[in-house]
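Peer 1: Here you go, one structure.
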Amino acid sequence: MNKTLFAGFICIWLISLHISEADAAGLIDNLYDNYGLEVAGFEELAGGVRLQSDGEEKQISIFDARIRLEATREIGEALLNFKGDLLADGVTETIELQLRELNLIASPLDNMDIKLGRAVFTWGTGDLLFINDTFAKDWQSFFIGRDEEYLKYPGNGIKISFFSDFANLDLIYSPLFEGSRFISGERLSYYNAGAEKIVGRNLQVTTNEPNRWFKDDELHGRLSKNIHGVELALYGYSGFWQEPEGYSGMRKKNYFPKLNVWGGSIRTAILGGIGNVEIGYYDSTENRNSDNPFIRPGEIRWLMGFERELARELTGSVQYYMESIRHYDNYRQTLSLEAPAREKNTGTVTLRLTKLLLDQNLNLSLFIYYSPDRNDGYARPKFSYKLTDNWLIDGGFNLFWGEDDFTFWGQFQKNTNVYAGLRYSF
Amino acid sequence: MTINNCIGNTLMKSNRSILYTLLCLLFLSPVAMASEPDIDEIVNKANLAAYYAGEDGRAEVTMTITDNQKRKRLRQFIILRKDKKDGGEQFFYVYFKKPSDVRKMVFMVHKHLDRDDDRWLYLPALDLVKRIAAADKRTSFVGSNYLYEDVSGRGINEDTHELVKTDDQYYVLKNVPKDPDSVEFSSYTVWIDKKTFLPMKTEYIDKNGQKYRIVEVLETQQIDGHPTVTISKATDLAGGNATTAVFQAIKYDINLKGEIFSERYLRRPPREIRR
């Protein structure tokens, strides 16, 4: 792009901040009073750099100027939601319009809700670990220090929910699979098995995108019930791996193989805190016997977690998460000798500490992923401080480490970065 | 003492003479009405008046937090409440409107008497229903000078109560925690209005015997037949900051359905928060 355009955007960003708070508040009240339109949003500037050089990527890890606009309006008994971002991305040098939400929520029947359109969807019990939450993620945003909300990537579809004394049923149908925003090399370096080394911008993952409406589709389902505070759920998913876990030799491209997931979860208050257990069977239908080295084999995944308050305004949580490869012998036999093999069972421990200070205006938090089996990990120390009701500053680190270059977290070690941001909410 | 209470008490104490019953019914004199209730009755009535008015209710709350440098922060939310049983389990649904960074968040509580409350927080940006550990109720509610326990009520069995004074206006009760290690105060004194049974002022004494916190009612109104707090203030004497809470658009007995206090309405706010 052109740097002028980017500079121009920054100017608009800065000028818009000069609209006085009173004017903005007046305008927002006016929209609500006259048009029933609830408007809100924020403007944000964020920057960050790698803490070491990475020959494959730029030194700068994040440089965002962002304007967010949200609007909500009642239409009869229904609710229309809009949420969109205008983002000038100084790293990829692009200006992006991101529609995060445009949906209509309604209750056609007393015991039925629908949500139609674009939205973010979440379920499951893991904390930054996902088993039955098979919805799209944006790992790129997560790893460079954008707000945690950007880890969830929106999808298009319809959510239909039925409620009864027996249980509640949610179905989410997306006519066209989009997939997660995975680490492609565009701005974060990764280990490329073909190249047998860490690569980046010059060897980006290219994929064959699903493009057949109503054929390359996804269906998520959940059956849930709350029995006296014990939350039980069963899940099902029919669609694709969210990341390009397959390689097509013919097309010389990565692609998204088919995937079904079946699972369940329990969450309840226990021992003065909250405990949860979740399990899922990842049925990699194009490689059921785990004997195709070009497609990720099926897995059993499970996790257990516990969170409680450790002291006043200090909360701690731990999780143990396990991935077990199905038909592991087949997987090992068909893998080429040079390729780094995964262990049959890979465990990951996570730790979260959150401390609130200064009348809860200062939030200090630490989240760590550590895999003893692979000896790699990822730590996310960060802070955010509310200067006023409108102004917020935040910052933190994304620290990756690993003994080997090819492990899950180890491959990202040259992306270790520090970032800070300033946000004005209105 | 009301007639109903008089009859109720009389029937329960069936060994009392019929004559007494008749006297009570026939000569319900001003003297009888003015007779002082016992301490348990005061505590019970105050609990019901402060937290259980009506079968359910709704209010729009604006909290203004002023710190020791006079900087102000605003919290605006709508609160829905439903009682399962007077003096017993309750449901709370709190929908945040301001400031912008907490807009549309929902905080939900299932209050229990025999075990920890169940609490959930809905984060709309992530569509995440988060379960929250309920351990310490004496932490600040949304960064204000009110505590979670001020919002949902402190269990009346958690303290021993002593009537230290009665004057024309108030019953003055001193309350000492049964489990002193579970709280930051050594005792608190509460002034209960003799007519409405609303706790009008509460002063907290710390472990060194110093008064450090005051929660007081600045304005009450009669709403749908219930004496109701419309403005209150919590002051942290040590820290020098204070929070004023203004309650508006208060309604009682609006027939809130129990299912509002479930995951369904965390993800999709009920129309009751809008009107």
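Chain identifiers are assigned as A, B, and so on, following the order in which chains appear in the structure tokens; residues are numbered from 1 within each chain, and ligands are numbered from 1 in order of appearance.
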What are the residues of chain B lining chain A at 8 Å or less? Count only C-alpha atoms, and put the answer as a list in words.

Peer 2: Arg73, Leu74, Pro99, Ser100, Asp101, Asp116, Asp118, Ala125, Leu126, Asp127, Leu128, Val129, Arg131, Ile132, Ala133, Ala134, Ala135, Asp136, Thr139, Ser140, Val142, Gly143, Ser144, Arg268 and Arg271 of chain B

Peer 1: What's around Gln69 in chain B at 12 Å? Count only C-alpha atoms, leave out sequence neighbours fewer than 5 positions away in its own chain, and write the answer as a PDB file with N, CA and C atoms, in the first residue's frame.

Peer 2:
ATOM      1  N   GLY B 239      -9.684   5.258  52.691  1.00  0.00           N
ATOM      2  CA  GLY B 239      -9.198   5.553  51.349  1.00  0.00           C
ATOM      3  C   GLY B 239      -9.645   6.906  50.831  1.00  0.00           C
ATOM      4  N   GLY B 240     -10.693   7.471  51.440  1.00  0.00           N
ATOM      5  CA  GLY B 240     -11.173   8.788  51.031  1.00  0.00           C
ATOM      6  C   GLY B 240     -12.001   8.769  49.762  1.00  0.00           C
ATOM      7  N   ASN B 241     -12.456   7.598  49.312  1.00  0.00           N
ATOM      8  CA  ASN B 241     -13.335   7.588  48.155  1.00  0.00           C
ATOM      9  C   ASN B 241     -14.736   7.121  48.556  1.00  0.00           C
ATOM     10  N   ALA B 242     -15.678   7.455  47.702  1.00  0.00           N
ATOM     11  CA  ALA B 242     -17.076   7.161  48.030  1.00  0.00           C
ATOM     12  C   ALA B 242     -17.842   6.864  46.767  1.00  0.00           C
TER      13      ALA B 242
END

Peer 1: Which is closer to Gly155 in chain B than all the others in B:Pro124, B:Gly87, B:Pro180, B:Gly54, using only C-alpha atoms?

Peer 2: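 Between B:Pro124, B:Gly87, B:Pro180, B:Gly54, the residue approaching Gly155 in chain B most closely is B:Gly87.
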
Peer 1: What gap, in Å, lies between CA of Lys344 in chain A and CA of Ile325 in chain A?

Peer 2: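 Taking CA of Lys344 in chain A and CA of Ile325 in chain A, their separation equals 5.3 Å.
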
Peer 1: Would you list the contacts of Leu337 in chain A as a compact mmCIF listing (two decimals) with C-alpha atoms, in the first residue's frame, taking every protein, DNA or RNA residue within 12 Å and counting only C-alpha atoms, but skipping same-chain residues closer than 5 positions in sequence?

Peer 2:
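Output saved as part.txt:
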# COMPACT_ATOMS: atom_id res chain seq x y z
CA PRO A 293 0.97 -38.83 6.32
CA TYR A 331 0.75 -42.81 12.05
CA ARG A 332 4.37 -43.62 12.90

Peer 1: Would you list the contacts of Pro257 in chain A as JSON, numbers by chain, taking every protein, DNA or RNA residue within 9 Å and counting only C-alpha atoms, but skipping same-chain residues closer than 2 positions in sequence?

Peer 2: {"A": [239, 240, 241, 242, 243, 244, 245, 246, 247, 255, 259, 284, 285, 286, 287, 295, 296]}

Peer 1: Kindly export the residues of the current selection with all heavy atoms, as a short mmCIF file (atom, residue, chain, number, x, y, z; two decimals), in the first residue's frame.

Peer 2:
data_model
loop_
_atom_site.label_atom_id
_atom_site.label_comp_id
_atom_site.auth_asym_id
_atom_site.auth_seq_id
_atom_site.Cartn_x
_atom_site.Cartn_y
_atom_site.Cartn_z
N GLY A 239 -17.83 -30.79 9.90
CA GLY A 239 -17.28 -29.75 9.04
C GLY A 239 -15.85 -30.05 8.66
O GLY A 239 -15.58 -31.13 8.10
N PHE A 240 -14.96 -29.14 9.00
CA PHE A 240 -13.56 -29.26 8.58
C PHE A 240 -12.63 -28.93 9.74
O PHE A 240 -13.00 -28.24 10.68
CB PHE A 240 -13.28 -28.26 7.45
CG PHE A 240 -14.13 -28.45 6.23
CD1 PHE A 240 -15.40 -27.89 6.16
CD2 PHE A 240 -13.67 -29.20 5.16
CE1 PHE A 240 -16.20 -28.07 5.04
CE2 PHE A 240 -14.46 -29.37 4.04
CZ PHE A 240 -15.73 -28.81 3.98
N TRP A 241 -11.38 -29.39 9.63
CA TRP A 241 -10.35 -28.89 10.53
C TRP A 241 -10.29 -27.37 10.32
O TRP A 241 -10.33 -26.90 9.18
CB TRP A 241 -8.98 -29.50 10.20
CG TRP A 241 -8.79 -30.93 10.63
CD1 TRP A 241 -9.05 -32.02 9.87
CD2 TRP A 241 -8.31 -31.40 11.89
NE1 TRP A 241 -8.76 -33.17 10.58
CE2 TRP A 241 -8.29 -32.81 11.82
CE3 TRP A 241 -7.88 -30.79 13.06
CZ2 TRP A 241 -7.88 -33.62 12.88
CZ3 TRP A 241 -7.46 -31.59 14.12
CH2 TRP A 241 -7.46 -32.98 14.04
N GLN A 242 -10.18 -26.63 11.42
CA GLN A 242 -10.18 -25.17 11.30
C GLN A 242 -8.90 -24.62 10.68
O GLN A 242 -8.84 -23.48 10.26
CB GLN A 242 -10.39 -24.54 12.69
CG GLN A 242 -11.83 -24.62 13.18
CD GLN A 242 -12.77 -23.77 12.36
OE1 GLN A 242 -12.41 -22.70 11.89
NE2 GLN A 242 -13.98 -24.26 12.16
N GLU A 243 -7.85 -25.47 10.68
CA GLU A 243 -6.60 -25.04 10.07
C GLU A 243 -6.24 -26.01 8.95
O GLU A 243 -6.72 -27.14 8.94
CB GLU A 243 -5.50 -25.00 11.14
CG GLU A 243 -5.86 -23.96 12.18
CD GLU A 243 -4.83 -23.81 13.28
OE1 GLU A 243 -3.63 -23.93 12.98
OE2 GLU A 243 -5.25 -23.56 14.40
N PRO A 244 -5.44 -25.59 7.98
CA PRO A 244 -5.16 -26.46 6.83
C PRO A 244 -4.28 -27.65 7.24
O PRO A 244 -3.08 -27.62 7.04
CB PRO A 244 -4.46 -25.53 5.84
CG PRO A 244 -3.89 -24.44 6.67
CD PRO A 244 -4.78 -24.28 7.86
N GLU A 245 -4.91 -28.66 7.80
CA GLU A 245 -4.18 -29.81 8.36
C GLU A 245 -3.93 -30.89 7.30
O GLU A 245 -3.46 -31.98 7.63
CB GLU A 245 -4.95 -30.42 9.54
CG GLU A 245 -5.27 -29.44 10.66
CD GLU A 245 -4.08 -29.16 11.57
OE1 GLU A 245 -2.98 -29.61 11.24
OE2 GLU A 245 -4.28 -28.46 12.58
N GLY A 246 -4.25 -30.60 6.05
CA GLY A 246 -4.00 -31.58 4.99
C GLY A 246 -3.14 -30.97 3.89
O GLY A 246 -3.08 -29.74 3.74
N TYR A 247 -2.46 -31.86 3.13
CA TYR A 247 -1.66 -31.38 2.00
C TYR A 247 -2.04 -32.18 0.76
O TYR A 247 -2.06 -33.41 0.79
CB TYR A 247 -0.17 -31.52 2.29
CG TYR A 247 0.70 -31.02 1.17
CD1 TYR A 247 0.89 -29.64 1.01
CD2 TYR A 247 1.29 -31.89 0.26
CE1 TYR A 247 1.66 -29.15 -0.03
CE2 TYR A 247 2.07 -31.42 -0.78
CZ TYR A 247 2.25 -30.04 -0.92
OH TYR A 247 3.01 -29.57 -1.96
N TYR A 255 -4.75 -27.86 2.42
CA TYR A 255 -6.20 -27.71 2.40
C TYR A 255 -6.80 -28.11 3.74
O TYR A 255 -6.10 -28.58 4.64
CB TYR A 255 -6.80 -28.51 1.23
CG TYR A 255 -6.90 -29.99 1.49
CD1 TYR A 255 -8.15 -30.58 1.77
CD2 TYR A 255 -5.78 -30.81 1.46
CE1 TYR A 255 -8.26 -31.94 2.01
CE2 TYR A 255 -5.88 -32.17 1.70
CZ TYR A 255 -7.12 -32.73 1.98
OH TYR A 255 -7.23 -34.07 2.23
N LEU A 259 -13.72 -33.00 9.03
CA LEU A 259 -13.58 -33.35 10.45
C LEU A 259 -14.96 -33.44 11.10
O LEU A 259 -15.84 -32.61 10.84
CB LEU A 259 -12.77 -32.26 11.17
CG LEU A 259 -12.64 -32.42 12.69
CD1 LEU A 259 -11.69 -33.55 13.04
CD2 LEU A 259 -12.15 -31.12 13.33
N SER A 284 -11.05 -37.55 12.22
CA SER A 284 -10.48 -37.00 10.98
C SER A 284 -10.89 -37.93 9.84
O SER A 284 -10.19 -38.88 9.50
CB SER A 284 -8.96 -36.92 11.11
OG SER A 284 -8.40 -36.21 10.03
N THR A 285 -12.06 -37.67 9.25
CA THR A 285 -12.71 -38.67 8.40
C THR A 285 -11.93 -39.02 7.14
O THR A 285 -12.13 -40.08 6.57
CB THR A 285 -14.13 -38.21 8.01
OG1 THR A 285 -14.03 -36.91 7.45
CG2 THR A 285 -15.05 -38.19 9.20
N GLU A 286 -11.03 -38.14 6.70
CA GLU A 286 -10.26 -38.46 5.51
C GLU A 286 -9.01 -39.28 5.84
O GLU A 286 -8.23 -39.64 4.96
CB GLU A 286 -9.85 -37.17 4.78
CG GLU A 286 -11.04 -36.42 4.22
CD GLU A 286 -10.63 -35.11 3.56
OE1 GLU A 286 -9.54 -35.06 2.94
OE2 GLU A 286 -11.40 -34.14 3.68
N ASN A 287 -8.79 -39.52 7.14
CA ASN A 287 -7.61 -40.28 7.56
C ASN A 287 -7.96 -41.09 8.81
O ASN A 287 -7.29 -41.01 9.83
CB ASN A 287 -6.45 -39.32 7.83
CG ASN A 287 -5.14 -40.05 8.13
OD1 ASN A 287 -5.01 -41.25 7.84
ND2 ASN A 287 -4.20 -39.34 8.72
N ILE A 295 -2.36 -35.97 6.03
CA ILE A 295 -3.56 -35.45 6.70
C ILE A 295 -3.44 -35.70 8.19
O ILE A 295 -3.00 -36.78 8.61
CB ILE A 295 -4.83 -36.13 6.14
CG1 ILE A 295 -5.01 -35.78 4.66
CG2 ILE A 295 -6.07 -35.72 6.93
CD1 ILE A 295 -6.11 -36.54 3.99
N ARG A 296 -3.78 -34.71 8.98
CA ARG A 296 -3.68 -34.87 10.44
C ARG A 296 -4.57 -36.02 10.89
O ARG A 296 -5.74 -36.10 10.52
CB ARG A 296 -4.12 -33.57 11.12
CG ARG A 296 -3.94 -33.61 12.63
CD ARG A 296 -4.07 -32.23 13.23
NE ARG A 296 -3.96 -32.30 14.68
CZ ARG A 296 -3.62 -31.28 15.45
NH1 ARG A 296 -3.36 -30.11 14.91
NH2 ARG A 296 -3.55 -31.42 16.76
#

Peer 1: So that I can check the surroundings of Glu216 in chain B, please list as JSON, numbers by chain every protein, DNA and RNA residue that reaches within 12 Å of it, counting only C-alpha atoms and ignoring chain neighbours fewer than 5 positions away.

Peer 2: {"B": [145, 146, 150, 189, 190, 191, 192, 198, 199, 200, 201, 202, 203, 204, 229, 230, 231, 232, 233, 234, 235, 236, 242, 243, 244, 245]}

Peer 1: Find the residue from A:Glu57, A:Glu70, A:Asp64, A:Asp165 that sits nearest to Gly90 in chain A; use only C-alpha atoms when measuring.

Peer 2: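 For Gly90 in chain A, the nearest of the given residues is A:Asp64.
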
Peer 1: Show which residues sit within 7 Å of Val106 in chain B, as a ChimeraX atom specification. Count only C-alpha atoms, and ignore same-chain residues fewer than 5 positions away.

Peer 2: /B:94-96,121-122,266

Peer 1: Could the residues in this selection be written to a file with all heavy atoms, as an mmCIF file, in the first residue's frame?

Peer 2:
data_model
loop_
_atom_site.group_PDB
_atom_site.id
_atom_site.type_symbol
_atom_site.label_atom_id
_atom_site.label_comp_id
_atom_site.auth_asym_id
_atom_site.auth_seq_id
_atom_site.Cartn_x
_atom_site.Cartn_y
_atom_site.Cartn_z
ATOM 1 N N VAL B 94 -27.846 -8.656 36.238
ATOM 2 C CA VAL B 94 -27.349 -7.282 36.148
ATOM 3 C C VAL B 94 -26.835 -7.048 34.725
ATOM 4 O O VAL B 94 -25.911 -7.732 34.278
ATOM 5 C CB VAL B 94 -26.213 -7.038 37.162
ATOM 6 C CG1 VAL B 94 -25.708 -5.605 37.064
ATOM 7 C CG2 VAL B 94 -26.673 -7.352 38.577
ATOM 8 N N TYR B 95 -27.447 -6.093 34.035
ATOM 9 C CA TYR B 95 -27.086 -5.797 32.644
ATOM 10 C C TYR B 95 -26.393 -4.441 32.609
ATOM 11 O O TYR B 95 -26.988 -3.429 32.986
ATOM 12 C CB TYR B 95 -28.362 -5.780 31.807
ATOM 13 C CG TYR B 95 -28.159 -5.457 30.351
ATOM 14 C CD1 TYR B 95 -27.856 -6.472 29.448
ATOM 15 C CD2 TYR B 95 -28.306 -4.158 29.863
ATOM 16 C CE1 TYR B 95 -27.694 -6.188 28.102
ATOM 17 C CE2 TYR B 95 -28.147 -3.875 28.517
ATOM 18 C CZ TYR B 95 -27.837 -4.892 27.642
ATOM 19 O OH TYR B 95 -27.676 -4.621 26.308
ATOM 20 N N PHE B 96 -25.142 -4.416 32.165
ATOM 21 C CA PHE B 96 -24.373 -3.176 32.197
ATOM 22 C C PHE B 96 -24.607 -2.318 30.959
ATOM 23 O O PHE B 96 -24.656 -2.823 29.840
ATOM 24 C CB PHE B 96 -22.874 -3.478 32.330
ATOM 25 C CG PHE B 96 -22.525 -3.967 33.702
ATOM 26 C CD1 PHE B 96 -22.469 -5.319 33.970
ATOM 27 C CD2 PHE B 96 -22.313 -3.079 34.729
ATOM 28 C CE1 PHE B 96 -22.188 -5.775 35.242
ATOM 29 C CE2 PHE B 96 -22.031 -3.525 36.002
ATOM 30 C CZ PHE B 96 -21.971 -4.871 36.267
ATOM 31 N N LEU B 121 -20.718 -14.640 34.374
ATOM 32 C CA LEU B 121 -20.491 -13.377 33.695
ATOM 33 C C LEU B 121 -20.555 -13.659 32.205
ATOM 34 O O LEU B 121 -19.927 -14.599 31.727
ATOM 35 C CB LEU B 121 -19.109 -12.823 34.074
ATOM 36 C CG LEU B 121 -18.783 -11.422 33.594
ATOM 37 C CD1 LEU B 121 -19.689 -10.399 34.272
ATOM 38 C CD2 LEU B 121 -17.332 -11.081 33.895
ATOM 39 N N TYR B 122 -21.333 -12.863 31.478
ATOM 40 C CA TYR B 122 -21.389 -13.029 30.027
ATOM 41 C C TYR B 122 -20.590 -11.907 29.372
ATOM 42 O O TYR B 122 -20.829 -10.725 29.623
ATOM 43 C CB TYR B 122 -22.843 -12.996 29.538
ATOM 44 C CG TYR B 122 -22.934 -13.062 28.037
ATOM 45 C CD1 TYR B 122 -22.524 -14.203 27.355
ATOM 46 C CD2 TYR B 122 -23.400 -11.982 27.290
ATOM 47 C CE1 TYR B 122 -22.582 -14.269 25.976
ATOM 48 C CE2 TYR B 122 -23.472 -12.046 25.908
ATOM 49 C CZ TYR B 122 -23.057 -13.189 25.256
ATOM 50 O OH TYR B 122 -23.108 -13.247 23.892
ATOM 51 N N LEU B 266 -28.591 -14.831 29.246
ATOM 52 C CA LEU B 266 -27.271 -14.211 29.307
ATOM 53 C C LEU B 266 -26.859 -13.840 27.891
ATOM 54 O O LEU B 266 -26.329 -12.768 27.632
ATOM 55 C CB LEU B 266 -26.237 -15.188 29.883
ATOM 56 C CG LEU B 266 -26.224 -15.416 31.391
ATOM 57 C CD1 LEU B 266 -25.204 -16.480 31.745
ATOM 58 C CD2 LEU B 266 -25.883 -14.129 32.114
#

Peer 1: For Gln319 in chain A, which residue among A:Glu299, A:Glu338, A:Glu278, A:Asp170 is the nearest when counting only C-alpha atoms?

Peer 2: A:Glu278

Peer 1: Mind checking DSSP for range 46-160 of chain B and telling me the strand (DSSP E or B) residues as a PyMOL selection string?

Peer 2: chain B and resi 56-66+72-83+90-98+106-111+118-123+128-132+140+147+159-160

Peer 1: Write out as a ChimeraX atom specification all residues of range 48-258 of chain B that backbone DSSP assigns to helix (DSSP H, G or I).

Peer 2: /B:48-51,100-102,148-152,156-158,180-182,258

Peer 1: Could you write out the selected residues, including N, CA, C and O atoms, as a PDB file, in the first residue's frame?

Peer 2:
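What follows is the written file part29.pdb:
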ATOM      1  N   LEU B  48     -35.881  -8.610  54.994  1.00  0.00           N
ATOM      2  CA  LEU B  48     -36.951  -8.659  53.998  1.00  0.00           C
ATOM      3  C   LEU B  48     -37.176  -7.289  53.373  1.00  0.00           C
ATOM      4  O   LEU B  48     -37.349  -7.168  52.159  1.00  0.00           O
ATOM      5  N   ALA B  49     -37.150  -6.233  54.203  1.00  0.00           N
ATOM      6  CA  ALA B  49     -37.405  -4.882  53.680  1.00  0.00           C
ATOM      7  C   ALA B  49     -36.304  -4.460  52.721  1.00  0.00           C
ATOM      8  O   ALA B  49     -36.559  -3.846  51.685  1.00  0.00           O
ATOM      9  N   ALA B  50     -35.060  -4.808  53.041  1.00  0.00           N
ATOM     10  CA  ALA B  50     -33.935  -4.341  52.234  1.00  0.00           C
ATOM     11  C   ALA B  50     -33.735  -5.166  50.966  1.00  0.00           C
ATOM     12  O   ALA B  50     -33.318  -4.636  49.939  1.00  0.00           O
ATOM     13  N   TYR B  51     -34.031  -6.482  51.020  1.00  0.00           N
ATOM     14  CA  TYR B  51     -33.660  -7.334  49.885  1.00  0.00           C
ATOM     15  C   TYR B  51     -34.792  -8.135  49.263  1.00  0.00           C
ATOM     16  O   TYR B  51     -34.608  -8.749  48.217  1.00  0.00           O
ATOM     17  N   SER B 100     -18.493   2.280  28.483  1.00  0.00           N
ATOM     18  CA  SER B 100     -18.553   1.600  27.196  1.00  0.00           C
ATOM     19  C   SER B 100     -17.854   0.234  27.208  1.00  0.00           C
ATOM     20  O   SER B 100     -18.307  -0.707  26.555  1.00  0.00           O
ATOM     21  N   ASP B 101     -16.765   0.106  27.968  1.00  0.00           N
ATOM     22  CA  ASP B 101     -16.008  -1.147  27.894  1.00  0.00           C
ATOM     23  C   ASP B 101     -16.714  -2.315  28.587  1.00  0.00           C
ATOM     24  O   ASP B 101     -16.302  -3.459  28.415  1.00  0.00           O
ATOM     25  N   VAL B 102     -17.748  -2.045  29.375  1.00  0.00           N
ATOM     26  CA  VAL B 102     -18.494  -3.156  29.973  1.00  0.00           C
ATOM     27  C   VAL B 102     -19.922  -3.236  29.420  1.00  0.00           C
ATOM     28  O   VAL B 102     -20.731  -4.039  29.878  1.00  0.00           O
ATOM     29  N   TYR B 148     -20.007  -7.002  46.832  1.00  0.00           N
ATOM     30  CA  TYR B 148     -20.980  -7.981  46.347  1.00  0.00           C
ATOM     31  C   TYR B 148     -22.049  -8.238  47.406  1.00  0.00           C
ATOM     32  O   TYR B 148     -23.227  -8.331  47.125  1.00  0.00           O
ATOM     33  N   GLU B 149     -21.600  -8.316  48.656  1.00  0.00           N
ATOM     34  CA  GLU B 149     -22.527  -8.627  49.731  1.00  0.00           C
ATOM     35  C   GLU B 149     -23.542  -7.503  49.968  1.00  0.00           C
ATOM     36  O   GLU B 149     -24.650  -7.756  50.439  1.00  0.00           O
ATOM     37  N   ASP B 150     -23.150  -6.258  49.654  1.00  0.00           N
ATOM     38  CA  ASP B 150     -24.112  -5.154  49.790  1.00  0.00           C
ATOM     39  C   ASP B 150     -25.219  -5.278  48.758  1.00  0.00           C
ATOM     40  O   ASP B 150     -26.346  -4.844  48.976  1.00  0.00           O
ATOM     41  N   VAL B 151     -24.854  -5.832  47.591  1.00  0.00           N
ATOM     42  CA  VAL B 151     -25.821  -5.924  46.502  1.00  0.00           C
ATOM     43  C   VAL B 151     -26.817  -7.057  46.745  1.00  0.00           C
ATOM     44  O   VAL B 151     -28.027  -6.891  46.576  1.00  0.00           O
ATOM     45  N   SER B 152     -26.306  -8.219  47.167  1.00  0.00           N
ATOM     46  CA  SER B 152     -27.211  -9.368  47.291  1.00  0.00           C
ATOM     47  C   SER B 152     -27.593  -9.672  48.743  1.00  0.00           C
ATOM     48  O   SER B 152     -28.427 -10.528  48.998  1.00  0.00           O
ATOM     49  N   ILE B 156     -28.256 -13.527  57.312  1.00  0.00           N
ATOM     50  CA  ILE B 156     -28.523 -13.028  58.666  1.00  0.00           C
ATOM     51  C   ILE B 156     -27.975 -13.966  59.734  1.00  0.00           C
ATOM     52  O   ILE B 156     -27.818 -13.579  60.880  1.00  0.00           O
ATOM     53  N   ASN B 157     -27.664 -15.194  59.348  1.00  0.00           N
ATOM     54  CA  ASN B 157     -27.120 -16.135  60.330  1.00  0.00           C
ATOM     55  C   ASN B 157     -25.600 -16.066  60.443  1.00  0.00           C
ATOM     56  O   ASN B 157     -24.991 -16.816  61.192  1.00  0.00           O
ATOM     57  N   GLU B 158     -24.995 -15.158  59.686  1.00  0.00           N
ATOM     58  CA  GLU B 158     -23.535 -15.080  59.716  1.00  0.00           C
ATOM     59  C   GLU B 158     -23.016 -14.208  60.853  1.00  0.00           C
ATOM     60  O   GLU B 158     -21.820 -14.150  61.100  1.00  0.00           O
ATOM     61  N   PRO B 180     -14.906 -14.568  62.364  1.00  0.00           N
ATOM     62  CA  PRO B 180     -14.220 -13.281  62.167  1.00  0.00           C
ATOM     63  C   PRO B 180     -13.176 -13.327  61.054  1.00  0.00           C
ATOM     64  O   PRO B 180     -12.901 -12.312  60.420  1.00  0.00           O
ATOM     65  N   ASP B 181     -12.596 -14.522  60.796  1.00  0.00           N
ATOM     66  CA  ASP B 181     -11.550 -14.603  59.776  1.00  0.00           C
ATOM     67  C   ASP B 181     -12.085 -14.459  58.359  1.00  0.00           C
ATOM     68  O   ASP B 181     -11.333 -14.234  57.419  1.00  0.00           O
ATOM     69  N   SER B 182     -13.403 -14.617  58.204  1.00  0.00           N
ATOM     70  CA  SER B 182     -13.964 -14.592  56.855  1.00  0.00           C
ATOM     71  C   SER B 182     -14.242 -13.168  56.381  1.00  0.00           C
ATOM     72  O   SER B 182     -14.588 -12.963  55.221  1.00  0.00           O
ATOM     73  N   GLY B 258     -38.877 -17.128  35.779  1.00  0.00           N
ATOM     74  CA  GLY B 258     -37.667 -17.718  36.365  1.00  0.00           C
ATOM     75  C   GLY B 258     -36.607 -17.974  35.307  1.00  0.00           C
ATOM     76  O   GLY B 258     -35.413 -17.869  35.575  1.00  0.00           O
TER      77      GLY B 258
END

Peer 1: If I take CA of Glu36 in chain B and CA of Asn175 in chain B, how far is one from the other in Å, to one decimal?

Peer 2: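 Computing it gives 18.9 Å between the two atoms.
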
Peer 1: Using CA of Pro297 in chain A and CA of Val349 in chain A as the two end points, give the distance in Å to one decimal.

Peer 2: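 CA of Val349 in chain A lies at a distance of 22.5 Å from CA of Pro297 in chain A.
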
Peer 1: When distances are computed from only C-alpha atoms, which of A:Asn330, A:Thr206, A:Asn103, A:Asn30 shows the smallest separation from Gly185 in chain A?

Peer 2: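 Nearest candidate to Gly185 in chain A out of A:Asn330, A:Thr206, A:Asn103, A:Asn30: A:Thr206.
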
Peer 1: Could you tell me which of A:Leu351, A:Leu128, A:Leu335, A:Ala341 comes closest to Thr407 in chain A if we count only C-alpha atoms?

Peer 2: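 Looking only at the distances to Thr407 in chain A, the closest residue turns out to be A:Ala341.
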
Peer 1: Go through A:Arg68, A:Asp329, A:Leu223, A:Ala7 one by one, measure the shortest atom-to-atom distance of each to Asn289 in chain A using only C-alpha atoms, and give the residue with the smallest value.

Peer 2: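 Once distances to Asn289 in chain A are computed over only C-alpha atoms, the minimum belongs to A:Asp329.
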